[in-house]
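Enquirer: File follows, my_file_27.cif with mmCIF, C-alpha atoms:
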```cif
data_my_file
loop_
_atom_site.label_atom_id
_atom_site.label_comp_id
_atom_site.auth_asym_id
_atom_site.auth_seq_id
_atom_site.Cartn_x
_atom_site.Cartn_y
_atom_site.Cartn_z
CA MET A 74 80.63 124.71 97.36
CA MET A 75 78.16 122.39 99.01
CA HIS A 76 77.58 125.15 101.57
CA GLU A 77 76.27 127.37 98.77
CA ALA A 78 74.33 124.46 97.28
CA LEU A 79 72.28 124.17 100.47
CA SER A 80 71.27 127.80 100.07
CA ALA A 81 70.25 127.07 96.51
CA VAL A 82 67.95 124.25 97.64
CA ALA A 83 65.61 126.60 99.46
CA GLY A 84 65.82 129.14 96.65
CA ILE A 85 64.86 126.55 94.06
CA LEU A 86 61.90 125.41 96.09
CA VAL A 87 60.65 128.90 96.92
CA GLY A 88 61.20 130.34 93.45
CA SER A 89 59.88 127.42 91.44
CA GLY A 90 56.29 127.75 92.53
CA LEU A 91 55.86 124.11 93.45
CA THR A 92 52.23 123.29 94.07
CA ALA A 93 50.99 121.53 97.17
CA SER A 94 50.09 118.49 95.09
CA LEU A 95 53.79 117.87 94.42
CA LEU A 96 54.82 118.36 98.03
CA VAL A 97 53.71 115.11 99.63
CA ALA A 98 55.02 114.73 103.15
CA ARG A 99 54.03 111.10 103.68
CA LEU A 100 57.04 108.89 102.95
CA ARG A 101 56.61 106.44 100.13
CA PRO A 102 57.31 102.75 100.89
CA GLU A 103 59.59 102.36 97.86
CA LYS A 104 62.21 104.67 99.40
CA THR A 105 63.79 101.84 101.31
CA GLU A 106 67.32 103.22 101.12
CA THR A 107 66.43 106.21 103.30
CA SER A 108 63.41 104.97 105.20
CA SER A 109 65.36 104.22 108.38
CA TYR A 110 66.26 107.90 108.70
CA HIS A 111 63.04 109.53 107.51
CA GLN A 112 60.92 111.32 110.07
CA GLU A 113 61.86 110.14 113.53
CA GLU A 114 59.14 108.81 115.78
CA SER A 115 56.29 111.23 116.54
CA PRO A 116 52.97 111.94 114.81
CA VAL A 117 53.34 113.48 111.36
CA SER A 118 50.54 115.93 112.00
CA SER A 119 52.34 117.41 114.99
CA ARG A 120 55.43 118.63 113.17
CA THR A 121 56.81 120.09 109.98
CA ALA A 122 56.74 117.75 106.99
CA VAL A 123 59.63 117.72 104.54
CA PRO A 124 58.43 118.48 100.99
CA GLU A 125 59.01 115.85 98.37
CA GLY A 126 60.71 118.53 96.28
CA VAL A 127 63.30 119.02 99.04
CA GLU A 128 64.05 115.30 99.05
CA GLN A 129 64.38 115.20 95.27
CA VAL A 130 66.82 118.13 95.20
CA MET A 131 68.87 116.84 98.16
CA ALA A 132 69.14 113.39 96.56
CA CYS A 133 70.71 115.01 93.48
CA LEU A 134 73.47 116.75 95.44
CA PRO A 135 76.83 114.87 95.16
CA ALA A 136 77.46 114.96 98.91
CA ALA A 137 76.18 113.51 102.16
CA THR A 138 73.28 115.66 103.38
CA MET A 139 70.70 115.62 106.15
CA VAL A 140 67.54 117.63 106.85
CA LEU A 141 66.36 118.43 110.40
CA ASP A 142 63.33 120.38 111.54
CA GLY A 143 63.25 123.19 114.06
CA GLU A 144 62.99 120.65 116.91
CA ARG A 145 66.19 118.86 115.72
CA ARG A 146 64.33 115.79 114.47
CA LEU A 147 66.03 114.07 111.56
CA HIS A 148 63.61 113.94 108.62
CA TYR A 149 65.79 112.97 105.71
CA ALA A 150 69.26 111.58 104.91
CA SER A 151 70.44 111.48 101.31
CA PRO A 152 71.54 108.22 99.66
CA GLU A 153 75.12 109.52 99.65
CA ALA A 154 74.97 110.07 103.42
CA LEU A 155 73.77 106.51 103.94
CA ARG A 156 76.47 105.17 101.62
CA ILE A 157 79.38 107.01 103.25
CA PHE A 158 78.36 106.98 106.91
CA GLU A 159 76.06 103.94 107.06
CA ASP A 160 75.15 103.36 110.72
CA ASN A 161 77.10 106.37 112.02
CA LEU A 162 74.40 108.96 111.29
CA GLY A 163 72.76 108.49 114.68
CA SER A 164 76.11 108.90 116.45
CA ILE A 165 76.87 111.99 114.39
CA LYS A 166 73.53 113.59 115.27
CA ARG A 167 73.94 112.84 118.99
CA HIS A 168 77.55 114.04 119.15
CA PRO A 169 78.10 117.00 121.53
CA ALA A 170 79.82 119.06 118.81
CA PHE A 171 76.81 118.53 116.50
CA GLN A 172 74.35 119.57 119.22
CA THR A 173 76.50 122.56 120.21
CA ALA A 174 76.48 123.80 116.62
CA LEU A 175 72.69 123.51 116.59
CA ASP A 176 72.59 125.49 119.85
CA ARG A 177 74.65 128.28 118.31
CA LEU A 178 72.48 128.19 115.21
CA GLY A 179 69.34 128.56 117.31
CA GLU A 180 70.78 131.47 119.28
CA LYS A 181 71.37 133.56 116.19
CA LYS A 182 68.74 136.31 116.11
CA THR A 183 68.93 137.82 112.68
CA ALA A 184 66.52 139.07 110.06
CA ALA A 185 68.36 137.15 107.36
CA PRO A 186 66.53 134.00 106.19
CA VAL A 187 69.73 131.94 106.20
CA CYS A 188 72.08 131.23 109.14
CA SER A 189 75.13 128.93 109.04
CA GLU A 190 77.44 127.06 111.44
CA THR A 191 80.17 124.41 111.31
CA ALA A 192 81.23 121.58 113.63
CA ARG A 193 84.12 119.11 113.72
CA ILE A 194 82.95 115.70 114.89
CA VAL A 195 85.38 112.99 116.01
CA LEU A 196 84.04 109.45 116.40
CA ASP A 197 86.09 106.67 117.99
CA VAL A 198 83.48 103.87 117.81
CA PRO A 199 83.33 101.55 115.92
CA HIS A 200 86.46 103.10 114.38
CA HIS A 201 88.16 106.49 114.23
CA ARG A 202 86.47 109.00 111.93
CA VAL A 203 86.70 112.77 111.59
CA ILE A 204 83.67 114.51 110.08
CA LEU A 205 83.13 118.15 109.18
CA ALA A 206 79.49 119.23 109.39
CA ARG A 207 78.22 122.45 107.78
CA PHE A 208 74.82 123.68 108.90
CA GLN A 209 72.41 126.09 107.24
CA LYS A 210 69.06 127.11 108.67
CA HIS A 211 66.40 128.08 106.14
CA VAL A 212 62.98 129.53 106.83
CA LEU A 213 60.44 128.23 104.30
CA PRO A 214 56.81 129.28 103.79
CA THR A 215 54.12 126.97 105.16
CA THR A 216 52.72 126.55 101.65
CA LEU A 217 55.81 124.50 100.77
CA CYS A 218 55.19 122.02 103.61
CA ALA A 219 52.39 119.62 102.80
CA GLY A 220 50.34 117.38 105.04
CA PRO A 221 49.86 113.61 104.83
CA ARG A 222 47.36 113.79 101.94
CA GLY A 223 48.86 116.65 100.03
CA GLY A 224 47.14 119.35 102.06
CA SER A 225 49.11 121.88 104.05
CA VAL A 226 50.00 121.12 107.64
CA SER A 227 47.62 122.73 110.06
CA SER A 228 49.65 125.31 111.92
CA ASP A 229 49.30 128.84 113.19
CA ARG A 230 52.76 129.62 111.87
CA SER A 231 53.22 131.16 108.41
CA GLN A 232 56.79 129.86 108.17
CA HIS A 233 58.68 126.71 109.07
CA THR A 234 62.36 126.20 109.81
CA LEU A 235 64.53 123.47 108.32
CA VAL A 236 68.20 122.85 109.05
CA PHE A 237 70.25 121.46 106.15
CA VAL A 238 73.49 119.68 107.08
CA ALA A 239 76.30 118.73 104.70
CA LEU A 240 78.71 116.08 106.01
CA TYR A 241 82.32 115.68 104.83
CA ASP A 242 84.53 112.74 105.78
CA GLU A 243 87.84 114.34 106.82
CA THR A 244 89.37 111.13 108.23
CA GLU A 245 91.93 110.62 105.47
CA ALA A 246 93.00 114.26 105.46
CA ASP A 247 93.32 114.23 109.25
CA ASN A 248 95.42 111.06 109.16
CA THR A 249 97.63 112.51 106.42
CA GLU A 250 98.22 115.70 108.39
CA ARG A 251 99.02 113.72 111.55
CA GLN A 252 101.41 111.44 109.68
CA HIS A 253 103.12 114.45 108.12
CA THR A 254 103.61 116.01 111.55
CA ASP A 255 104.93 112.72 112.96
CA PHE A 256 107.19 112.29 109.94
CA VAL A 257 108.85 115.67 110.44
CA ALA A 258 109.24 115.05 114.18
CA TYR A 259 110.72 111.58 113.77
CA ALA A 260 113.03 112.62 110.91
CA SER A 261 114.33 115.55 112.95
CA HIS A 262 114.91 113.27 115.93
CA GLU A 263 116.73 110.63 113.86
CA LEU A 264 119.01 113.25 112.32
CA ARG A 265 119.61 115.13 115.56
CA THR A 266 121.17 112.14 117.36
CA PRO A 267 124.08 111.46 114.95
CA LEU A 268 124.53 115.18 114.31
CA ALA A 269 124.91 115.86 118.04
CA ALA A 270 127.48 113.03 118.25
CA LEU A 271 129.46 114.47 115.35
CA MET A 272 129.47 117.96 116.84
CA GLY A 273 130.57 116.60 120.23
CA PHE A 274 133.49 114.64 118.78
CA VAL A 275 134.58 117.61 116.63
CA GLU A 276 134.75 119.79 119.73
CA THR A 277 136.71 117.09 121.55
CA LEU A 278 139.22 116.75 118.69
CA GLN A 279 139.64 120.52 118.60
CA GLY A 280 140.19 120.66 122.36
CA PRO A 281 141.30 117.94 124.82
CA ALA A 282 142.15 115.35 122.13
CA ALA A 283 144.02 117.72 119.83
CA ASP A 284 147.37 116.08 120.68
CA ASP A 285 146.14 112.51 121.37
CA PRO A 286 146.57 110.32 118.23
CA GLU A 287 144.87 107.27 119.78
CA ALA A 288 141.80 109.24 120.81
CA GLN A 289 141.69 110.85 117.38
CA GLN A 290 141.60 107.49 115.61
CA GLU A 291 138.87 106.20 117.93
CA PHE A 292 136.75 109.32 117.56
CA LEU A 293 137.20 109.45 113.79
CA GLY A 294 135.93 105.87 113.54
CA ILE A 295 132.82 106.75 115.56
CA MET A 296 132.28 109.89 113.49
CA ALA A 297 132.48 107.87 110.28
CA ALA A 298 129.85 105.45 111.61
CA GLN A 299 127.53 108.32 112.57
CA GLY A 300 128.07 109.93 109.17
CA LYS A 301 127.09 106.68 107.44
CA ARG A 302 123.99 106.51 109.65
CA MET A 303 122.93 109.97 108.51
CA GLN A 304 123.68 109.13 104.89
CA HIS A 305 121.61 105.92 105.12
CA LEU A 306 118.68 107.83 106.62
CA LEU A 307 118.82 110.52 103.93
CA ASP A 308 119.03 107.87 101.20
CA ASP A 309 115.92 106.17 102.62
CA LEU A 310 114.06 109.49 102.82
CA LEU A 311 114.92 110.36 99.22
CA TYR A 312 113.94 106.90 98.00
CA LEU A 313 110.67 107.05 99.94
CA SER A 314 109.92 110.44 98.39
CA ARG A 315 110.51 109.08 94.88
CA VAL A 316 108.28 106.07 95.56
CA GLN A 317 105.45 108.21 96.91
CA ARG A 318 105.69 110.56 93.93
CA VAL A 319 104.86 107.76 91.48
CA GLU A 320 102.70 105.66 93.80
CA HIS A 321 99.55 106.44 91.79
CA GLN A 322 101.15 105.26 88.51
CA ARG A 323 100.97 101.52 87.87
CA PRO A 324 104.11 99.96 86.33
CA ARG A 325 103.84 99.48 82.57
CA GLY A 326 106.44 96.77 82.17
CA SER A 327 106.21 93.11 83.12
CA VAL A 328 108.72 90.67 84.57
CA THR A 329 108.87 86.91 85.01
CA MET A 330 109.62 85.53 88.44
CA GLN A 331 112.65 83.73 87.05
CA ASP A 332 114.19 87.03 85.88
CA LEU A 333 113.33 88.69 89.16
CA PHE A 334 114.97 85.96 91.25
CA ALA A 335 118.03 85.85 88.98
CA ARG A 336 118.61 89.58 89.50
CA LEU A 337 117.92 89.28 93.24
CA LYS A 338 120.49 86.49 93.53
CA ALA A 339 123.12 88.60 91.74
CA GLU A 340 122.52 91.71 93.86
CA SER A 341 122.17 89.93 97.23
CA GLN A 342 125.48 88.02 97.14
CA ALA A 343 127.35 90.91 98.75
CA LEU A 344 125.00 90.83 101.73
CA PHE A 345 126.28 87.42 102.81
CA ARG A 346 130.02 87.71 102.48
CA LEU A 347 130.60 88.83 106.08
CA LYS A 348 127.43 87.57 107.73
CA LYS A 349 126.96 84.40 109.72
CA ALA A 350 123.68 83.58 108.06
CA LYS A 351 122.42 81.47 105.21
CA LEU A 352 120.30 82.84 102.39
CA THR A 353 118.31 80.39 100.28
CA ILE A 354 116.61 81.63 97.12
CA GLN A 355 114.37 78.81 96.03
CA PRO A 356 113.95 78.24 92.28
CA VAL A 357 110.69 79.30 90.69
CA SER A 358 108.63 76.20 89.98
CA ASP A 359 106.61 77.69 87.11
CA PRO A 360 108.63 79.67 84.51
CA ALA A 361 105.39 81.17 83.18
CA LEU A 362 104.69 83.19 86.36
CA CYS A 363 104.74 86.83 85.29
CA VAL A 364 103.60 90.07 86.91
CA ALA A 365 103.25 93.69 85.81
CA ALA A 366 106.06 95.32 87.76
CA ASP A 367 109.03 97.64 88.01
CA ILE A 368 111.80 95.07 88.44
CA SER A 369 114.17 97.55 90.13
CA GLN A 370 111.60 98.39 92.79
CA LEU A 371 110.71 94.75 93.43
CA VAL A 372 114.37 93.81 93.83
CA GLN A 373 114.79 96.71 96.28
CA VAL A 374 111.75 95.52 98.23
CA LEU A 375 113.11 91.99 98.57
CA ILE A 376 116.56 93.26 99.56
CA ASN A 377 114.93 95.47 102.23
CA LEU A 378 113.14 92.43 103.64
CA ILE A 379 116.32 90.33 103.57
CA GLU A 380 118.31 93.09 105.31
CA ASN A 381 115.60 93.35 107.97
CA ALA A 382 115.83 89.61 108.55
CA PHE A 383 119.61 89.94 109.02
CA LYS A 384 119.42 92.91 111.36
CA TYR A 385 116.60 91.67 113.57
CA GLY A 386 116.95 87.91 113.11
CA THR A 387 119.72 87.29 115.62
CA VAL A 388 118.70 85.16 118.59
CA PRO A 389 120.78 86.08 121.65
CA ASP A 390 118.87 83.70 123.90
CA VAL A 391 119.83 80.61 121.90
CA GLU A 392 123.16 79.15 122.98
CA GLY A 393 125.46 76.74 121.17
CA PRO A 394 127.02 76.63 117.71
CA SER A 395 124.16 74.63 116.20
CA PHE A 396 121.96 77.70 115.72
CA ALA A 397 122.34 79.74 112.54
CA LEU A 398 120.05 82.32 111.06
CA GLN A 399 118.37 81.10 107.90
CA VAL A 400 116.57 83.34 105.45
CA THR A 401 114.50 81.79 102.66
CA VAL A 402 113.06 83.60 99.64
CA SER A 403 110.39 81.80 97.62
CA CYS A 404 107.70 82.38 95.02
CA THR A 405 104.52 80.36 94.53
CA ALA A 406 101.22 80.71 92.73
CA ALA A 407 98.71 82.25 95.12
CA SER A 408 96.21 79.83 96.60
CA PRO A 409 92.69 81.00 97.58
CA ASP A 410 92.98 83.21 100.63
CA ALA A 411 90.72 85.85 102.11
CA ARG A 412 93.68 88.24 102.29
CA TRP A 413 94.23 88.20 98.51
CA PRO A 414 91.93 89.36 95.69
CA ALA A 415 90.08 86.59 93.85
CA VAL A 416 92.25 86.79 90.72
CA PRO A 417 95.32 84.76 89.67
CA GLY A 418 98.38 85.96 91.52
CA VAL A 419 101.77 85.07 92.95
CA VAL A 420 103.05 85.26 96.52
CA LEU A 421 106.64 86.30 97.24
CA SER A 422 107.81 85.20 100.69
CA VAL A 423 110.84 86.16 102.78
CA ALA A 424 110.98 83.90 105.86
CA ASP A 425 113.49 83.66 108.70
CA ASN A 426 113.88 81.52 111.81
CA GLY A 427 114.68 84.47 114.08
CA PRO A 428 113.11 85.50 117.41
CA GLY A 429 109.85 86.69 115.87
CA ILE A 430 107.75 89.78 116.62
CA ALA A 431 105.01 90.16 119.21
CA ALA A 432 101.51 90.34 117.69
CA ARG A 433 100.80 93.81 119.11
CA HIS A 434 103.54 95.33 116.92
CA LEU A 435 102.50 93.78 113.59
CA PRO A 436 99.80 96.33 112.59
CA ARG A 437 102.28 99.22 113.00
CA LEU A 438 105.35 97.82 111.26
CA THR A 439 104.73 99.75 108.02
CA GLU A 440 104.37 103.12 109.75
CA HIS A 441 107.11 105.63 109.01
CA PHE A 442 109.92 105.40 111.59
CA TYR A 443 108.14 102.76 113.68
CA ARG A 444 110.53 100.26 115.27
CA VAL A 445 109.90 97.47 117.76
CA PRO A 446 111.05 99.00 121.10
CA LYS A 447 113.06 95.97 122.26
CA THR A 448 115.21 95.82 119.12
CA ALA A 449 115.40 99.57 118.50
CA ALA A 450 117.81 99.93 121.42
CA THR A 451 120.27 97.36 120.06
CA VAL A 452 119.93 97.55 116.26
CA GLN A 453 120.44 100.76 114.31
CA GLY A 454 117.89 101.44 111.62
CA SER A 455 115.81 104.23 110.12
CA GLY A 456 112.41 102.57 110.58
CA LEU A 457 111.59 103.28 106.92
CA GLY A 458 112.35 99.91 105.32
CA LEU A 459 108.89 98.37 105.66
CA ALA A 460 107.23 101.73 104.92
CA ILE A 461 109.05 101.73 101.58
CA VAL A 462 107.95 98.13 100.99
CA GLN A 463 104.30 99.06 101.64
CA HIS A 464 104.40 102.03 99.24
CA VAL A 465 106.01 99.98 96.46
CA VAL A 466 103.52 97.13 96.89
CA THR A 467 100.64 99.63 96.85
CA ARG A 468 101.96 101.08 93.59
CA HIS A 469 101.91 97.56 92.11
CA GLY A 470 98.32 96.98 93.25
CA GLY A 471 99.47 94.21 95.59
CA ARG A 472 99.06 93.21 99.22
CA PHE A 473 101.68 93.04 101.97
CA VAL A 474 101.33 91.10 105.21
CA VAL A 475 103.70 90.12 108.00
CA GLU A 476 103.22 86.86 109.88
CA SER A 477 105.27 86.21 113.00
CA THR A 478 105.37 83.98 116.05
CA VAL A 479 107.63 84.83 118.98
CA GLY A 480 110.44 82.28 119.14
CA LYS A 481 109.67 80.75 115.74
CA GLY A 482 110.47 83.41 113.17
CA THR A 483 108.88 85.91 110.79
CA THR A 484 107.49 85.60 107.27
CA CYS A 485 106.81 88.61 105.03
CA LYS A 486 104.45 87.92 102.12
CA ILE A 487 103.76 90.02 99.04
CA TRP A 488 100.82 89.22 96.75
CA LEU A 489 100.96 90.46 93.15
CA SER A 490 98.48 89.83 90.35
CA CYS A 491 99.56 87.74 87.38
CA VAL A 492 99.60 88.87 83.77
CA ALA A 493 99.44 86.62 80.73
CA SER A 494 102.80 85.22 79.70
CA ALA A 495 102.95 83.37 76.39
CA GLY A 496 99.27 82.62 76.78
CA VAL A 497 99.83 80.43 79.85
CA ILE A 498 98.32 82.62 82.58
CA LYS A 499 95.14 84.55 81.95
CA PRO A 500 93.54 86.66 84.68
CA SER A 501 89.91 85.84 85.28
#
```
Output the file's structure as structure tokens, nothing else.

Expert:
Amino acid sequence: MMHEALSAVAGILVGSGLTASLLVARLRPEKTETSSYHQEESPVSSRTAVPEGVEQVMACLPAATMVLDGERRLHYASPEALRIFEDNLGSIKRHPAFQTALDRLGEKKTAAPVCSETARIVLDVPHHRVILARFQKHVLPTTLCAGPRGGSVSSDRSQHTLVFVALYDETEADNTERQHTDFVAYASHELRTPLAALMGFVETLQGPAADDPEAQQEFLGIMAAQGKRMQHLLDDLLYLSRVQRVEHQRPRGSVTMQDLFARLKAESQALFRLKKAKLTIQPVSDPALCVAADISQLVQVLINLIENAFKYGTVPDVEGPSFALQVTVSCTAASPDARWPAVPGVVLSVADNGPGIAARHLPRLTEHFYRVPKTAATVQGSGLGLAIVQHVVTRHGGRFVVESTVGKGTTCKIWLSCVASAGVIKPS
């Protein structure tokens, strides 16, 4: 659509009969938001000036746009381009894909007044961005290009060429497509391993172990474990799908922290019956703490974090009976912190005294199927637990961070905004 809009810009200017008095090429000082990208260094009289009418029309377009002259000098960048791309416009213009598209545009020898091209630009500095650029070259009459004082630019040419560029930030779409591809690959891999084991044991039971009762019992036990692994993975995938489907819908209900912790305590008792670990759910100090939440999802999030602490919190390097894994769940009013929004909130914490996680792994823990390599070989898991936590917290408008020090343990923190409860807590 913006591609067609660029064609309309030239048509509006040519068909409207704008007079030279309205087409002032000298940039006005008050246009501070675009002054840094107006008319790159070289004398104004020696090149094509961009009509004020062009600038006015381009500024009205709801997209990031640029205007270049026939010599590839950047004359104008719209306010939307400056807002979205900030200091990246220079890098975009110098990018080889951008220049190659301009080369192809210049090579087109056609009688048509409009020529178009596209380019896909990938920037890695200062951070990864994917940008789609659509180019259109328009040939405008000289009468539409005014000089510094409103007069026409002195030139032997009867026409001047301008290149209009529309920029689209494709970073999020590119990341989504890449994550979808990775998701399918990882899910297939996770399902293939237990499925291959099941098929192998079935063939063994049908063949060499057909008359061996001891081998049958051993293999059936392994097959049951692999079947449970597949079932757990499918359950996680289905739950993740349900969470993502409603991620854009904020919960309508509210829950007090006391009710949340009471339900968590009731549902987490079974986790500790056969585990050599101690779970401590600290009482909520302020009964008025209340958040807008889906209590079932929050309980599931906390159970996921507790289960992770159990699975990965063992410390094989520590010897002696004095060591025991301890997991502590707590809730406090949020104190001022740059990581949290500046509104009243609560912080839910799940802390353990396990081996901890190296800092290089922390940014990737919420990725689908990501698992710390050292523990992935010894602990079975789907790698979806923290991804589910992140999606649920996002749905609640909260924040999720993981703090960890190798050898000292890991703390997972969830920030949620408070809602008024009996008139005690009032968001600012």

Enquirer: Would you mind reading off the distance between atom CA of Leu489 of chain A and atom CA of Gln322 of chain A, one decimal, in Å?

Expert: 15.5 Å

Enquirer: Between atom CA of Asp176 of chain A and atom CA of Leu147 of chain A, what is the distance, to one decimal in Å?

Expert: 15.6 Å

Enquirer: Apply the PyMOL selection byres ((chain A and resi 473) around 10) to the displayed file and report the matching residues as a ChimeraX atom specification.

Expert: /A:412-413,420-421,439,459,462-467,471-472,474-475,485-489

Enquirer: Mind pulling up the distance from atom CA of Asp425 of chain A to atom CA of Ala350 of chain A?

Expert: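 Going from atom CA of Ala350 of chain A over to atom CA of Asp425 of chain A covers 10.2 Å.
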
Enquirer: Using the chain letters and numbers from this file, what does the PyMOL selection byres ((chain A and resi 199) around 12) select? Give the answer as a list in words.

Expert: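 With the shown file as input, the PyMOL selection byres ((chain A and resi 199) around 12) matches Phe158, Glu159, Asp160, Asn161, Ser164, Val195, Leu196, Asp197, Val198, His200, His201 and Arg202 of chain A.
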
Enquirer: Using all atoms of segment 154-158 of chain A listed in the file and a margin of 3 Å per side, can you give the axis-aligned box centre and edge lengths in Å to one decimal, as JSON?

Expert:
```
{"center_x": 76.6, "center_y": 107.6, "center_z": 104.3, "size_x": 11.6, "size_y": 10.9, "size_z": 11.3}
```

Enquirer: Just say which residues the PyMOL selection byres ((chain A and resi 454) around 12) picks in this file, as a PyMOL selection string.

Expert: chain A and resi 263-264+299+301-307+309+377+380-381+383-385+441-446+448-453+455-459

Enquirer: Would you list the contacts of Ser327 of chain A as a list of chain:residue names, taking every protein, DNA or RNA residue within 6 Å and counting only C-alpha atoms, but skipping same-chain residues closer than 4 positions in sequence?

Expert: A:Val364, A:Ala365, A:Ala366

Enquirer: From the set A:Leu162, A:Val479, A:Leu438, A:Ile379, which residue has the shortest atom-to-atom contact distance to Lys351 of chain A, counting all atoms listed in the file?

Expert: A:Ile379

Enquirer: Taking all atoms listed in the file into account, name the residue in A:Thr484, A:Ile461, A:Pro409, A:Gln355 that is nearest to Ile430 of chain A.

Expert: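 Checking each of A:Thr484, A:Ile461, A:Pro409, A:Gln355 against Ile430 of chain A, counting all atoms listed in the file, the winner is A:Thr484.
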